Amino acid sequence: MRIATWNVNSIRARVDRVVDWLERADIDVLLMQETKCRDDQFPDLPFVGLGYEVAHVGHSQWNGVAVVSRVGLADVEIGFPGQPGWGDPVAAEARAIAATCDGVRVWSLYVPNGRTLDDPHLTYKLDWLAKLREAGAGWLADDPDAQVLLGGDWNVAPRDEDVWDMAVFATSTHVSPPERAAFQAVVDAGYADVVRPYTEGQFTYWDYTQLRFPRKEGMRIDFALTSPALARRVTGAEIVREERKGKGASDHAPVVVELD
DNA sequence: ATGGTGGTCACACCA
């Protein structure tokens, strides 16, 4: 089974590219982030036409996450238990959706960006990750053999080598100690980054500005973390840099996990 | 040397 996660940065602007890649790359389950549309605007038909079932949550032009699967899609869950909200009035944003696909509990996650180090949005981000860790620890406490995949755009670069130049990020989000600690806490709860061992030195995201992609100035911020039982099934992984190329590309590349 | 969205046709917001 092949599971992928991809921040598509608007599914309506990108649907042709996404379904074309799904078919070429032989993907069974795709987790998408930043669909940037409401549920009634999501383009189901191209996916259904290829034999995929679709689960999506989107409340506005912001955020939006989806799971599409051709190996079953059951027990869809919008948001994780304890997921913090944002806004006035405070409400859960469309940043987490889960489904069970061929026995694997997959979560498509879009972690808040944080914006700047002194912004309330950073506090929201840290709280969001802390609550995700708490929920994730709970799933493993309930069932140590659970097959869980936490995939998505984490908006954290856990290591210095996950950005092209640490000096540029001296006062930025994504690399700060609290953000890295919040990410590591999820790992310590039992969720391993199964992609990094197969993709050393690679990035998953390149800003549209400043010719970042041709200059190879990217970041590794998209991750698939798996529970211990699922980690034992992983036979490979890749970051598909090709999909960042050309006109009409998302600023993120897809990340693929291969399971036996 | 950015791109997507919405509301309006010039800009604000988010990334």
# chains A, B, ... in the order shown; residues from 1 in each chain; ligands from 1

call {"tool": "select_by_dssp", "arguments": {"residues": "region 15-259 of chain A", "states": "helix (DSSP H, G or I)", "output": "PyMOL selection string"}}
result
chain A and resi 15-24+39-41+44-49+120-142+160-162+166-169+177-188+196-198+228-231+241-244

call {"tool": "residues_around", "arguments": {"residues": "DA1 (chain B)", "least_positions_apart": "6", "cutoff": "8 Å", "atoms": "only C-alpha atoms (C1' of nucleotides)", "output": "mmCIF file with C-alpha atoms, in the first residue's frame"}}
result
data_model
loop_
_atom_site.group_PDB
_atom_site.id
_atom_site.type_symbol
_atom_site.label_atom_id
_atom_site.label_comp_id
_atom_site.auth_asym_id
_atom_site.auth_seq_id
_atom_site.Cartn_x
_atom_site.Cartn_y
_atom_site.Cartn_z
ATOM 1 C CA THR A 209 9.485 33.929 -3.917
ATOM 2 C CA GLN A 210 13.196 34.635 -4.424
ATOM 3 C CA LEU A 211 13.694 31.729 -6.865
#

call {"tool": "select_by_dssp", "arguments": {"residues": "region 39-173 of chain A", "states": "strand (DSSP E)", "output": "number ranges by chain"}}
result
A: 53-57, 65-69, 74-78, 96-101, 104-110, 148-153

call {"tool": "interface_residues", "arguments": {"of": "chain B", "to": "chain A", "cutoff": "12 Å", "atoms": "only C-alpha atoms (C1' of nucleotides)", "output": "PyMOL selection string"}}
result
chain B and resi 1-6+13-15

call {"tool": "atom_distance", "arguments": {"atom1": "CA of Ala231 (chain A)", "atom2": "CA of Arg180 (chain A)"}}
result
21.6 Å

call {"tool": "atom_distance", "arguments": {"atom1": "CA of Glu77 (chain A)", "atom2": "CA of Ile97 (chain A)"}}
result
5.6 Å
